[in-house]
Amino acid sequence: MPGEGRPARSPALATFFSFLWPGLGQLYVGARRSALIFGLPLLVILVVVALQAIASPEGMLIGLFTPSTALTVLILVVLLGVWRLVSMGDALTGTGRRGSWRRPIPIATFVVLALFVISTHAAAASLALSFYDAGKGIFVGVQDPDVAPLPSLVAPSGGASTVDPGATPSSEPVTPARINILLTGIDSDQGRAHALNDTILVVSLDPTNGNLAMVSFPRDLSRLPTPNGKTYSGKINSLMSYA
């Protein structure tokens with residue numbers, strides 16, 4: 001039977017020790033194998049985080065804005081909260097005193113500490129979720145599901161061309177116009193299915209006098225009108241991939 005052969009221990013203290021660190025309550029009641037099972041995963045996570053923080057604390061903080069990293073942190077926070085609750089419950093019922101954990105003090109201790117674990121991990125999960133939302137806004141942008149894809153300027157394979165074959169060129173003399181060139185710096189990654197135009201420059205050349213002008217557009221511009229009369233609510237740096 002569980003707890004047989006072990007010295008009787010306080011269920012409330014066992015719960016409190018596992019609240020401080022998963023596995024301490026099991027170590028307190030003499031269940032060393034369970035203590036190792038509950039305590040080792042958290043130790044590994046903390047060591048990995050500490051090594052990353054020592055190597056590059058700025059990089060670790062900036063990495064939280066990457067949606068995949070923020071989502072990983074969110075999942076770990078939730079799983080760790082559940083792991084702590086399971087460890088506390090196991091320590092509460094494994095003290096070697098039959099039915100002693102059903103007394104008011106052990107039960108009250110578990111409920112109070114469980115509420116604290118749930119509230120703190122919910123707050124941490126909410127913070128990770130805010131990083132995730134911010135990262136999606138920075139790297140992808142919010143897209144309006146009501147906006148239809150932009151019309152293609154290239155005729156589909158086997159389809160009719162959008163150029164009127166009966167159109168005749170104008171016989172009026174053509175005045176040299178400005179030559180406008182769009183320069184973009186595309187940010188892409190093997191782990192992402194989209195590419196972002198984080199650098200957007202329009203270069204305009206006047207061929208008559210050689211004057212050159214350049215305009216840079218911030219990548220965070222949004223609320224862009226589309227040819228179909230609707231508005232693209234995402235950022236301009238994601239418009240090309242969306243189109």
# chains A, B, ... in the order shown; residues from 1 in each chain; ligands from 1
$ residues_around --residues "Leu27 in chain A" --least-positions-apart "4" --cutoff "10 Å" --atoms "only C-alpha atoms" --output "JSON list (two decimals) with N, CA, C and O atoms, in the first residue's frame"
[["chain", "number", "residue", "atom", "x", "y", "z"],
["A", 14, "ALA", "N", 4.19, 18.30, 3.88],
["A", 14, "ALA", "CA", 4.57, 17.67, 2.61],
["A", 14, "ALA", "C", 4.02, 18.47, 1.44],
["A", 14, "ALA", "O", 4.72, 18.69, 0.44],
["A", 17, "PHE", "N", 6.10, 21.73, 1.10],
["A", 17, "PHE", "CA", 7.43, 21.50, 0.52],
["A", 17, "PHE", "C", 7.34, 21.30, -1.00],
["A", 17, "PHE", "O", 8.17, 21.82, -1.76],
["A", 18, "SER", "N", 6.31, 20.56, -1.45],
["A", 18, "SER", "CA", 6.15, 20.38, -2.90],
["A", 18, "SER", "C", 5.68, 21.66, -3.57],
["A", 18, "SER", "O", 5.87, 21.84, -4.77],
["A", 22, "PRO", "N", 8.63, 21.16, -6.70],
["A", 22, "PRO", "CA", 8.09, 19.82, -6.93],
["A", 22, "PRO", "C", 9.10, 18.74, -6.58],
["A", 22, "PRO", "O", 10.25, 18.79, -7.01],
["A", 23, "GLY", "N", 8.67, 17.77, -5.78],
["A", 23, "GLY", "CA", 9.54, 16.69, -5.37],
["A", 23, "GLY", "C", 10.04, 16.82, -3.94],
["A", 23, "GLY", "O", 10.41, 15.82, -3.32],
["A", 31, "ALA", "N", 9.80, 9.24, -0.26],
["A", 31, "ALA", "CA", 9.62, 8.68, -1.60],
["A", 31, "ALA", "C", 10.65, 9.30, -2.53],
["A", 31, "ALA", "O", 10.36, 10.25, -3.26],
["A", 32, "ARG", "N", 11.86, 8.76, -2.51],
["A", 32, "ARG", "CA", 12.96, 9.38, -3.25],
["A", 32, "ARG", "C", 12.78, 9.27, -4.76],
["A", 32, "ARG", "O", 13.14, 10.20, -5.50],
["A", 33, "ARG", "N", 12.27, 8.15, -5.21],
["A", 33, "ARG", "CA", 12.09, 8.01, -6.66],
["A", 33, "ARG", "C", 11.08, 9.03, -7.18],
["A", 33, "ARG", "O", 11.29, 9.67, -8.21],
["A", 34, "SER", "N", 9.98, 9.19, -6.45],
["A", 34, "SER", "CA", 8.98, 10.19, -6.85],
["A", 34, "SER", "C", 9.55, 11.59, -6.75],
["A", 34, "SER", "O", 9.24, 12.46, -7.58],
["A", 35, "ALA", "N", 10.40, 11.81, -5.76],
["A", 35, "ALA", "CA", 11.03, 13.13, -5.62],
["A", 35, "ALA", "C", 11.88, 13.46, -6.83],
["A", 35, "ALA", "O", 11.87, 14.59, -7.33],
["A", 36, "LEU", "N", 12.61, 12.47, -7.34],
["A", 36, "LEU", "CA", 13.45, 12.68, -8.51],
["A", 36, "LEU", "C", 12.59, 12.92, -9.75],
["A", 36, "LEU", "O", 12.88, 13.80, -10.57],
["A", 39, "GLY", "N", 11.03, 16.48, -9.35],
["A", 39, "GLY", "CA", 11.94, 17.61, -9.23],
["A", 39, "GLY", "C", 12.88, 17.81, -10.39],
["A", 39, "GLY", "O", 13.30, 18.95, -10.67],
["A", 91, "ALA", "N", 2.16, 14.53, -2.83],
["A", 91, "ALA", "CA", 2.78, 14.66, -1.51],
["A", 91, "ALA", "C", 1.74, 14.65, -0.40],
["A", 91, "ALA", "O", 1.96, 14.09, 0.68]]
$ residues_around --residues "Leu221 in chain A" --least-positions-apart "4" --cutoff "10 Å" --atoms "only C-alpha atoms" --output "PyMOL selection string"
chain A and resi 217+233-237
$ closest_residue --among "A:Ala195, A:Ala50, A:Leu71, A:Val203" --to "Asp133 in chain A" --atoms "only C-alpha atoms"
A:Leu71
$ residues_around --residues "Ser238 in chain A" --least-positions-apart "2" --cutoff "7 Å" --atoms "only C-alpha atoms" --output "number ranges by chain"
A: 140-141, 196-197, 234-236, 240-242
$ residues_around --residues "Pro67 in chain A" --least-positions-apart "6" --cutoff "6 Å" --atoms "only C-alpha atoms" --output "list in words"
Tyr132, Gly135 and Lys136 of chain A
$ atom_distance --atom1 "CA of His121 in chain A" --atom2 "CA of Leu40 in chain A"
19.4 Å
$ closest_residue --among "A:Gly30, A:Pro225, A:Gly185, A:Gly81" --to "Ala122 in chain A" --atoms "only C-alpha atoms"
A:Gly81
$ atom_distance --atom1 "CA of Leu20 in chain A" --atom2 "CA of Val82 in chain A"
14.1 Å
$ closest_residue --among "A:Ala128, A:Ala12, A:Leu183, A:Ile45" --to "Leu80 in chain A" --atoms "only C-alpha atoms"
A:Ile45
$ residues_around --residues "Met214 in chain A" --least-positions-apart "3" --cutoff "9 Å" --atoms "only C-alpha atoms" --output "PyMOL selection string"
chain A and resi 201-205
$ write_last_selection --atoms "all heavy atoms" --output "PDB file, in the first residue's frame"
ATOM      1  N   LEU A 201      11.641  51.116 -50.065  1.00  0.00           N
ATOM      2  CA  LEU A 201      12.143  52.383 -50.602  1.00  0.00           C
ATOM      3  C   LEU A 201      11.593  52.587 -52.009  1.00  0.00           C
ATOM      4  O   LEU A 201      11.589  51.656 -52.822  1.00  0.00           O
ATOM      5  CB  LEU A 201      13.674  52.390 -50.666  1.00  0.00           C
ATOM      6  CG  LEU A 201      14.443  52.394 -49.341  1.00  0.00           C
ATOM      7  CD1 LEU A 201      15.930  52.163 -49.620  1.00  0.00           C
ATOM      8  CD2 LEU A 201      14.256  53.715 -48.614  1.00  0.00           C
ATOM      9  N   VAL A 202      11.142  53.802 -52.289  1.00  0.00           N
ATOM     10  CA  VAL A 202      10.749  54.183 -53.643  1.00  0.00           C
ATOM     11  C   VAL A 202      11.773  55.186 -54.160  1.00  0.00           C
ATOM     12  O   VAL A 202      11.983  56.244 -53.551  1.00  0.00           O
ATOM     13  CB  VAL A 202       9.335  54.783 -53.681  1.00  0.00           C
ATOM     14  CG1 VAL A 202       9.028  55.320 -55.081  1.00  0.00           C
ATOM     15  CG2 VAL A 202       8.301  53.738 -53.289  1.00  0.00           C
ATOM     16  N   VAL A 203      12.422  54.829 -55.252  1.00  0.00           N
ATOM     17  CA  VAL A 203      13.426  55.690 -55.885  1.00  0.00           C
ATOM     18  C   VAL A 203      12.813  56.275 -57.151  1.00  0.00           C
ATOM     19  O   VAL A 203      12.297  55.535 -57.995  1.00  0.00           O
ATOM     20  CB  VAL A 203      14.708  54.897 -56.221  1.00  0.00           C
ATOM     21  CG1 VAL A 203      15.741  55.808 -56.872  1.00  0.00           C
ATOM     22  CG2 VAL A 203      15.265  54.252 -54.964  1.00  0.00           C
ATOM     23  N   SER A 204      12.845  57.583 -57.267  1.00  0.00           N
ATOM     24  CA  SER A 204      12.241  58.264 -58.421  1.00  0.00           C
ATOM     25  C   SER A 204      13.305  59.087 -59.142  1.00  0.00           C
ATOM     26  O   SER A 204      13.963  59.948 -58.535  1.00  0.00           O
ATOM     27  CB  SER A 204      11.088  59.169 -57.956  1.00  0.00           C
ATOM     28  OG  SER A 204      10.471  59.794 -59.059  1.00  0.00           O
ATOM     29  N   LEU A 205      13.463  58.800 -60.427  1.00  0.00           N
ATOM     30  CA  LEU A 205      14.481  59.463 -61.249  1.00  0.00           C
ATOM     31  C   LEU A 205      13.812  60.307 -62.327  1.00  0.00           C
ATOM     32  O   LEU A 205      12.920  59.829 -63.049  1.00  0.00           O
ATOM     33  CB  LEU A 205      15.392  58.421 -61.890  1.00  0.00           C
ATOM     34  CG  LEU A 205      16.402  58.935 -62.932  1.00  0.00           C
ATOM     35  CD1 LEU A 205      17.425  59.851 -62.276  1.00  0.00           C
ATOM     36  CD2 LEU A 205      17.071  57.773 -63.636  1.00  0.00           C
TER      37      LEU A 205
END
$ closest_residue --among "A:Thr66, A:Gln26, A:Asn209, A:Gln52" --to "Val86 in chain A" --atoms "only C-alpha atoms"
A:Gln26
$ closest_residue --among "A:Arg178, A:Arg9, A:Lys230, A:Arg84" --to "Trp101 in chain A" --atoms "only C-alpha atoms"
A:Arg9
$ atom_distance --atom1 "CA of Val49 in chain A" --atom2 "CA of Phe16 in chain A"
25.0 Å
$ closest_residue --among "A:Leu85, A:Val77, A:Leu92, A:Val112" --to "Leu129 in chain A" --atoms "only C-alpha atoms"
A:Val77
$ select_by_dssp --residues "range 78-118 of chain A" --states "alpha helix (DSSP H)" --output "VMD selection string"
chain A and resid 78 to 93 104 to 118
$ write_last_selection --atoms "N, CA and C atoms" --output "mmCIF file, in the first residue's frame"
data_model
loop_
_atom_site.group_PDB
_atom_site.id
_atom_site.type_symbol
_atom_site.label_atom_id
_atom_site.label_comp_id
_atom_site.auth_asym_id
_atom_site.auth_seq_id
_atom_site.Cartn_x
_atom_site.Cartn_y
_atom_site.Cartn_z
ATOM 1 N N VAL A 78 2.064 26.841 -18.355
ATOM 2 C CA VAL A 78 0.855 26.081 -18.041
ATOM 3 C C VAL A 78 1.208 24.674 -17.554
ATOM 4 N N LEU A 79 2.113 24.011 -18.272
ATOM 5 C CA LEU A 79 2.494 22.650 -17.883
ATOM 6 C C LEU A 79 3.169 22.621 -16.520
ATOM 7 N N LEU A 80 3.999 23.627 -16.243
ATOM 8 C CA LEU A 80 4.677 23.677 -14.950
ATOM 9 C C LEU A 80 3.675 23.880 -13.822
ATOM 10 N N GLY A 81 2.658 24.711 -14.061
ATOM 11 C CA GLY A 81 1.621 24.893 -13.044
ATOM 12 C C GLY A 81 0.890 23.594 -12.747
ATOM 13 N N VAL A 82 0.542 22.863 -13.808
ATOM 14 C CA VAL A 82 -0.129 21.571 -13.621
ATOM 15 C C VAL A 82 0.800 20.597 -12.903
ATOM 16 N N TRP A 83 2.094 20.618 -13.266
ATOM 17 C CA TRP A 83 3.069 19.720 -12.641
ATOM 18 C C TRP A 83 3.193 19.987 -11.147
ATOM 19 N N ARG A 84 3.185 21.248 -10.762
ATOM 20 C CA ARG A 84 3.270 21.603 -9.336
ATOM 21 C C ARG A 84 2.035 21.117 -8.584
ATOM 22 N N LEU A 85 0.861 21.276 -9.194
ATOM 23 C CA LEU A 85 -0.371 20.834 -8.536
ATOM 24 C C LEU A 85 -0.378 19.317 -8.361
ATOM 25 N N VAL A 86 0.072 18.587 -9.384
ATOM 26 C CA VAL A 86 0.132 17.122 -9.272
ATOM 27 C C VAL A 86 1.113 16.709 -8.189
ATOM 28 N N SER A 87 2.266 17.393 -8.134
ATOM 29 C CA SER A 87 3.259 17.075 -7.113
ATOM 30 C C SER A 87 2.719 17.345 -5.711
ATOM 31 N N MET A 88 2.017 18.457 -5.558
ATOM 32 C CA MET A 88 1.436 18.781 -4.250
ATOM 33 C C MET A 88 0.388 17.749 -3.847
ATOM 34 N N GLY A 89 -0.446 17.336 -4.802
ATOM 35 C CA GLY A 89 -1.461 16.328 -4.486
ATOM 36 C C GLY A 89 -0.850 14.990 -4.127
ATOM 37 N N ASP A 90 0.217 14.619 -4.847
ATOM 38 C CA ASP A 90 0.886 13.358 -4.549
ATOM 39 C C ASP A 90 1.542 13.396 -3.166
ATOM 40 N N ALA A 91 2.157 14.534 -2.831
ATOM 41 C CA ALA A 91 2.780 14.656 -1.509
ATOM 42 C C ALA A 91 1.735 14.649 -0.398
ATOM 43 N N LEU A 92 0.578 15.259 -0.668
ATOM 44 C CA LEU A 92 -0.485 15.313 0.339
ATOM 45 C C LEU A 92 -0.994 13.931 0.702
ATOM 46 N N THR A 93 -1.152 13.069 -0.293
ATOM 47 C CA THR A 93 -1.759 11.756 -0.041
ATOM 48 C C THR A 93 -0.740 10.656 0.216
ATOM 49 N N PRO A 104 -9.080 18.815 8.117
ATOM 50 C CA PRO A 104 -9.263 20.200 7.649
ATOM 51 C C PRO A 104 -7.959 20.944 7.353
ATOM 52 N N ILE A 105 -6.946 20.794 8.205
ATOM 53 C CA ILE A 105 -5.719 21.581 8.016
ATOM 54 C C ILE A 105 -4.990 21.179 6.740
ATOM 55 N N PRO A 106 -4.737 19.875 6.482
ATOM 56 C CA PRO A 106 -4.085 19.512 5.221
ATOM 57 C C PRO A 106 -4.878 19.939 3.990
ATOM 58 N N ILE A 107 -6.198 19.735 4.032
ATOM 59 C CA ILE A 107 -7.028 20.116 2.898
ATOM 60 C C ILE A 107 -6.972 21.623 2.669
ATOM 61 N N ALA A 108 -7.095 22.392 3.760
ATOM 62 C CA ALA A 108 -7.057 23.844 3.640
ATOM 63 C C ALA A 108 -5.698 24.316 3.116
ATOM 64 N N THR A 109 -4.626 23.670 3.581
ATOM 65 C CA THR A 109 -3.283 24.024 3.099
ATOM 66 C C THR A 109 -3.168 23.796 1.599
ATOM 67 N N PHE A 110 -3.664 22.642 1.153
ATOM 68 C CA PHE A 110 -3.586 22.333 -0.274
ATOM 69 C C PHE A 110 -4.405 23.325 -1.101
ATOM 70 N N VAL A 111 -5.616 23.643 -0.646
ATOM 71 C CA VAL A 111 -6.487 24.542 -1.413
ATOM 72 C C VAL A 111 -5.870 25.934 -1.524
ATOM 73 N N VAL A 112 -5.352 26.458 -0.400
ATOM 74 C CA VAL A 112 -4.769 27.800 -0.419
ATOM 75 C C VAL A 112 -3.543 27.847 -1.329
ATOM 76 N N LEU A 113 -2.658 26.862 -1.188
ATOM 77 C CA LEU A 113 -1.452 26.848 -2.007
ATOM 78 C C LEU A 113 -1.777 26.589 -3.479
ATOM 79 N N ALA A 114 -2.793 25.754 -3.732
ATOM 80 C CA ALA A 114 -3.193 25.489 -5.118
ATOM 81 C C ALA A 114 -3.749 26.751 -5.768
ATOM 82 N N LEU A 115 -4.534 27.518 -5.027
ATOM 83 C CA LEU A 115 -5.054 28.774 -5.570
ATOM 84 C C LEU A 115 -3.925 29.749 -5.881
ATOM 85 N N PHE A 116 -2.897 29.755 -5.031
ATOM 86 C CA PHE A 116 -1.752 30.636 -5.276
ATOM 87 C C PHE A 116 -1.004 30.204 -6.542
ATOM 88 N N VAL A 117 -0.817 28.893 -6.704
ATOM 89 C CA VAL A 117 -0.132 28.382 -7.895
ATOM 90 C C VAL A 117 -0.929 28.733 -9.150
ATOM 91 N N ILE A 118 -2.237 28.523 -9.105
ATOM 92 C CA ILE A 118 -3.072 28.792 -10.274
ATOM 93 C C ILE A 118 -3.042 30.270 -10.643
#
